[in-house]
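Working notes, beginning with the structure itself.
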Amino acid sequence: LAKNCMEFLQQAPQAPSEESVVAAINLLQDLGAIDATDEASTASVAKVEHLTPLGQHLAKLPVNVRLGKMLIFGCLFRCLDKTLTVAASLSCKSPFSTYIQDSQQAEAKHKAFAHATSDFFTICNVWNSYRAELEHGSARARKFCDQNYLNRGALLEIRDMRNQFLDLLRQIGFVSHRKSGFDLQGSQYNVNGSKESVIGAVICAGLYPNVAHVVTPIGGGDPTLWHGQERVHFHNSSVNAKNKHRLPSEWVAFFEKFATHRTYISATSYVDPFALLLFGGRLIVKHIERKVLVDDWIELKIAAQTGVLFRELRVQMDFLLESMMLKVDNISEDTKSQALLEGIVKLLSSTEQTK
C-alpha cells in the first residue's frame with residue numbers, strides 16, 4: 001500500500017497534518033517501535049519504515065505506546081505488579097486529594113507515602129497500602145482514604161486499569177493465568193517485584209527520551225535540570241522538588257513537561273545510567289575517552305567495555321522479542337532467554353547494592 005507511514009496516511013480521505021504524522025513517527029522511533037531506512041530506486045530515494053520486534057508486540061496492545069512498552073518489559077523482567085500500578089496511575093487522575101481547608105494536614109498525611117526519589121514508587125506505596133486495607137472490606141478502605149486525604153475514586157480507577165492492562169497482556173500471550181484466584185504478587189511475573197533498580201529501568205524504558213540531566217555547578221550551589229538544551233524545573237508536586245542536594249543519579253526520567261512562567265517536569269524519578277544504556281537511544285562507544293554517548297547528548301562516563309556489553313545486550317533483547325512473536329507462551333521455558341534476562345537483572349541490581 002505504501003513504503004512509509006506518511007505516504008500511506010496521505011491516501012486517507014481526511015489525511016492528518018504532516019506535523020502530527022512526523023511527531024507520531026518520531027515518538028515511535030524514540031521508543032524503538034519502528035526503524036527507517038533509505039531505499040534507492042532509479043527515480044529517487046524513498047524512506048522505508050517497518051515495525052521492530054518490539055513494535056510488532058506494541059501493535060497488539062490498544063494502549064498508549066509508552067505504557068505498552070513499560071508493560072511488556074515489566075513482564076519480561078518479572079516486576080509486573082508495580083509496573084501495572086505505575087502504568088495505571090499514568091492513565092488516571094491523582095489519588096492525592098487536595099483539601100483547601102486542611103491542606104497542611106493533607107500534606108502531612110501524604111508525606112507518609114512519599115518515596116525518597118520517585119513519584120512512581122510513591123504512587124505504588126499509596127496503592128499497596130490501599131490494597132491492604134481493601135482486603136478487610138470496602139468500608140475499611142473508604143475510612144483509610146478519608147483519614148489520609150486520598151481520592152478513593154482515583155484508586156478504584158487505578159484498580160480497574162490494572163485489571164484491564166493485565167487482561168490485555170494475557171490476550172497477547174505475555175501472561176498466562178486464569179482470571180479467578182490469580183496471585184500476581186506471588187507469581188513468576190513478579191519475582192523481581194522488590195528490586196527498585198529493575199522496576200526503575202522498566203519505567204525509564206517507557207518514558208525515554210523524557211530524561212533530564214542534573215548539572216551540579218563546579219563551584220557549588222543548587223543543581224540545575226536540563227532536557228537537551230532546555231532548562232527545566234521539578235514541579236512542586238514531585239517528591240524530587242525538595243531533593244536538590246540528595247542526588248542518587250545525574251539523570252531523571254519524567255512523564256510530562258509543561259510550561260507556565262517556567263518549564264516544569266512532573267511525575268519524575270531518578271534513573272541509573274545502566275537503564276539509559278539498556279533502554280535509551282543509539283549508543284556510541286568512545287573507547288579513548290572512556291565514555292558512551294546515548295543519542296548524541298546523554299554522556300555517560302563509564303568503561304568502553306561496559307558500553308559494548310550493553311550494545312550487545314540490546315541486540316539480544318531484539319532477538320528475544322522477535323522469537324517471542326512465534327512462541328510467546330514458552331518464554332519461561334526457554335533457558336537461553338531466561339539466562340539473558342537474569343543476567344540483565346543482576347547488572348541492574350548491582351548498581352542498587354553499591355548506592
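The chains in the C-alpha cells are called A, B, ... from first to last as shown; in each chain the residues are counted from 1, and the ligands are counted from 1 in the order shown.
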
Please run DSSP on the backbone and report, as a PyMOL selection string, all residues within stretch 248-340 of chain A that come out as strand (DSSP E or B). chain A and resi 251-259+263-271+283-286+291-294+298-300

Tell me, as a ChimeraX atom specification, which residues lie within 7 Å of stretch 228-237 of chain A, counting only C-alpha atoms; anything in the same chain fewer than 2 positions away does not count. /A:225-226,239-241,263-266,297

Same residues, C-alpha atoms, output as a PDB file, in the first residue's frame:
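Generated file (part15.pdb):
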ATOM      1  CA  LEU A 225      17.975  20.480  35.311  1.00  0.00           C
ATOM      2  CA  TRP A 226      18.306  20.290  31.531  1.00  0.00           C
ATOM      3  CA  VAL A 239       8.894  14.431  45.654  1.00  0.00           C
ATOM      4  CA  ASN A 240      12.129  15.460  43.957  1.00  0.00           C
ATOM      5  CA  ALA A 241      11.310  19.170  44.114  1.00  0.00           C
ATOM      6  CA  THR A 263       9.140  24.837  32.060  1.00  0.00           C
ATOM      7  CA  TYR A 264       8.299  22.112  34.570  1.00  0.00           C
ATOM      8  CA  ILE A 265       8.599  18.345  34.634  1.00  0.00           C
ATOM      9  CA  SER A 266       6.199  16.252  36.704  1.00  0.00           C
ATOM     10  CA  TRP A 297      23.532  14.176  24.016  1.00  0.00           C
TER      11      TRP A 297
END

Can you build me a table of stretch 139-160 of chain A residues sitting at most 8 Å from stretch 78-101 of chain A, with the closest atom pair per residue and its distance in Å to one decimal, using only C-alpha atoms, sorted by chain and residue number, as a tab-separated table?
residue	atom	partner	partner_atom	distance
A:Tyr149	CA	A:Ser97	CA	5.5
A:Leu150	CA	A:Phe96	CA	4.9
A:Asn151	CA	A:Pro95	CA	4.7
A:Arg152	CA	A:Pro95	CA	7.0
A:Gly153	CA	A:Pro95	CA	7.9
A:Ala154	CA	A:Pro95	CA	5.1
A:Leu155	CA	A:Pro95	CA	5.9
A:Glu157	CA	A:Cys92	CA	6.5
A:Ile158	CA	A:Ala88	CA	5.2
A:Arg159	CA	A:Ala88	CA	7.8

C-alpha atoms of the current selection, written as a short mmCIF file (atom, residue, chain, number, x, y, z; two decimals), in the first residue's frame:
data_model
loop_
_atom_site.label_atom_id
_atom_site.label_comp_id
_atom_site.auth_asym_id
_atom_site.auth_seq_id
_atom_site.Cartn_x
_atom_site.Cartn_y
_atom_site.Cartn_z
CA TYR A 149 -6.97 12.55 52.27
CA LEU A 150 -6.90 10.17 49.33
CA ASN A 151 -9.24 10.15 46.34
CA ARG A 152 -10.99 6.78 46.54
CA GLY A 153 -12.45 7.21 43.06
CA ALA A 154 -8.95 7.58 41.60
CA LEU A 155 -7.76 4.46 43.43
CA GLU A 157 -9.79 3.72 38.59
CA ILE A 158 -6.23 2.51 39.13
CA ARG A 159 -7.57 -0.88 40.22
#

Excluding A:Gly55 and residues on its chain fewer than 3 positions from it, collect all residues at most 12 Å away from it, counting only C-alpha atoms, and give them as a list in words.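 The contact residues come out as Ile25, Leu27, Leu28, Gln29, Asp30, Leu31, Gly32, Ala33, Ile34, Asp35, Glu49, His50, Leu51, Thr52, Leu58, Ala59, Lys60, Leu61, Val65, Arg66, Gly68, Lys69, Ile72, Asp318, Leu321, Glu322 and Met325 of chain A.
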
Set out as CSV a contact list for stretch 194-222 of chain A and stretch 273-287 of chain A with a cut-off of 7 Å, giving each residue of stretch 194-222 of chain A that qualifies its closest atom pair and distance in Å to one decimal, counting only C-alpha atoms, ordered by chain and rising residue number.
residue,atom,partner,partner_atom,distance
A:Ala201,CA,A:Ala275,CA,4.7
A:Cys204,CA,A:Ala275,CA,6.8
A:Ala205,CA,A:Phe279,CA,5.1
A:Tyr208,CA,A:Gly280,CA,6.4

Since we have the selection now, will you write its residues out, keeping N, CA, C and O atoms, as a compact mmCIF listing (two decimals), in the first residue's frame?
# COMPACT_ATOMS: atom_id res chain seq x y z
N ALA A 201 14.26 0.85 35.83
CA ALA A 201 14.73 0.71 34.44
C ALA A 201 13.55 0.48 33.50
O ALA A 201 13.51 1.01 32.39
N CYS A 204 11.83 3.71 32.99
CA CYS A 204 12.65 4.50 32.08
C CYS A 204 12.44 4.06 30.63
O CYS A 204 12.39 4.88 29.72
N ALA A 205 12.28 2.75 30.42
CA ALA A 205 12.06 2.22 29.07
C ALA A 205 10.84 2.84 28.43
O ALA A 205 10.84 3.19 27.25
N TYR A 208 11.51 7.08 28.12
CA TYR A 208 12.57 7.61 27.27
C TYR A 208 12.00 8.09 25.91
O TYR A 208 11.13 7.40 25.35

Once DSSP has gone over the backbone, tell me which residues of stretch 98-334 of chain A are in helix (DSSP H, G or I), as a ChimeraX atom specification. /A:103-111,119-134,138-147,152-171,188-190,196-207,239-242,273-279,304-333

If I take atom CA of A:Gly343 and atom CA of A:Pro209, how far is one from the other in Å, to one decimal?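 Distance reported for this atom pair: 24.5 Å.
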
Would you mind listing what lies within 12 Å of A:Ala139 as a short mmCIF file (atom, residue, chain, number, x, y, z; two decimals) with N, CA and C atoms, in the first residue's frame, with only C-alpha atoms counted and same-chain residues fewer than 6 positions away left out?
data_model
loop_
_atom_site.label_atom_id
_atom_site.label_comp_id
_atom_site.auth_asym_id
_atom_site.auth_seq_id
_atom_site.Cartn_x
_atom_site.Cartn_y
_atom_site.Cartn_z
N TYR A 130 -3.53 0.98 50.18
CA TYR A 130 -4.97 0.92 49.94
C TYR A 130 -5.42 -0.52 49.70
N GLU A 133 -5.76 -2.48 52.86
CA GLU A 133 -6.99 -2.14 53.61
C GLU A 133 -8.22 -2.73 52.92
N CYS A 145 -9.04 6.00 53.12
CA CYS A 145 -8.95 7.13 52.18
C CYS A 145 -9.31 8.44 52.87
N ASP A 146 -10.37 8.43 53.66
CA ASP A 146 -10.80 9.65 54.37
C ASP A 146 -9.72 10.12 55.34
N ARG A 152 -10.63 8.19 46.70
CA ARG A 152 -10.99 6.78 46.54
C ARG A 152 -11.39 6.48 45.10
#

Given only C-alpha atoms as the basis, pick out the residue of A:Glu19, A:Glu196, A:Asp295, A:Glu342 nearest to A:Asp272.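 Under the stated criterion, the closest residue is A:Glu196.
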
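Atom CA of A:Asn26 lies 14.1 Å from atom CA of A:Val48.
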
Atom-to-atom span, atom CA of A:Asn210 and atom CA of A:Lys257, Å: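 Value for the atom CA of A:Asn210-atom CA of A:Lys257 distance: 8.5 Å.
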